[in-house]
Amino acid sequence: MKSGYTPYHPKWYRSRIPIFWWLRKPAYARFIVRELTSVPVAYAALLVLVEAGVVTRGPAAYAAFVTWLQQPMVVGLHVAVLVGAALHTITWLNLAPKALVVRAAGHRLPSAIVLAAHWAGWVAVTGLVGWLISRLP
Amino acid sequence: MRRSREPFLWALFSSGGMLAAMVLPVAIFMLWVAAPLGWIPLPSYAGLRAALAHPVVRLGLFGVVSLSLFHWAHRFRYTLYDGLQLYHLNKLIAVLTYGTAAALTLVAAYVFGSAG
């Protein structure tokens with residue numbers, strides 16, 4: 001990828017691409033939405049960090065954090081974050097067969113199997129993490 | 001950004017994407033939607049404190065936080081780069097996105113290192 005400054009060159013023709021080029025086709029818009037699911041992912045990661053910091057600071061800080069969590073606006077925000085994270089999971093796992101070529105006995109493993117294995121892994125991890133969270137006293 | 005760093009950054013992006021895809025939806029739903037709404041009991045302070053006392057839990061949470069942030073940095077960088085056509089700001093965008101992820105990784109190392 002070239003990142004340096006390119007001098008003006010009158011013989012080159014480059015059509016200018018509008019900033020909102022990705023609104024022209026649904027597939028382009030879906031691509032940008034998929035990339036932007038990284039924002040709710042980053043938010044959730046930050047909130048894990050914040051919650052751990054709050055718990056480290058003591059019971060009063062945690063009580064205030066819980067009060068904040070229960071505000072309707074905040075719950076609404078977190079529902080939106082959940083939708084974004086779920087979209088990330090769906091698009092990420094569905095792309096796995098394209099990103100990961102598994103060869104077994106000289107043949108390429110069918111993408112349906114790679115896909116099913118990833119979703120089975122997701123079910124297992126979700127069950128494990130959910131079980132761990134539900135066991136918190 | 002030199003070309004040679006690209007595979008390393010891609011590995012962070014990829015492992016963060018996989019980790020986030022696996023663990024985040026259930027955690028967000030249970031901790032920040034279902035529990036605040038009263039569908040399931042909220043974890044108590046003592047419960048979370050005891051969980052954080054476990055080094056494996058702290059290490060796992062550190063990995064989730066840091067790799068998810070590097071996943072964001074990589075995707076957000078190229079969304080700005082391609083989506084908004086900010087070719088001339090390529091270096092600045094890279095410094096800001098990966099820099100944010102690296103700085104927050106240091107914060108996470110401090111928080112999870114001292115949470116025990």
# chains A, B, ... in the order shown; residues from 1 in each chain; ligands from 1
call {"tool": "interface_residues", "arguments": {"of": "chain A", "to": "chain B", "cutoff": "8 Å", "atoms": "only C-alpha atoms", "output": "ChimeraX atom specification"}}
result
/A:1,3-5,17,19-22,32,35-36,38-39,41-42,44-46,48-49,52-53,55-56,59,62,66,69-70,75,78-79,81-82,85-86,88-90,92-93,121-122,125-126,129-130,133,136-137
call {"tool": "atom_distance", "arguments": {"atom1": "atom CA of A:Val101", "atom2": "atom CA of B:Ser15"}}
result
16.4 Å
call {"tool": "atom_distance", "arguments": {"atom1": "atom CA of A:Ala80", "atom2": "atom CA of A:Pro40"}}
result
8.2 Å
call {"tool": "select_by_dssp", "arguments": {"residues": "chain A", "states": "helix (DSSP H, G or I)", "output": "ChimeraX atom specification"}}
result
/A:21-23,26-36,38-57,59-69,72-99,111-134
call {"tool": "atom_distance", "arguments": {"atom1": "atom CA of B:His54", "atom2": "atom CA of B:Gly113"}}
result
11.2 Å
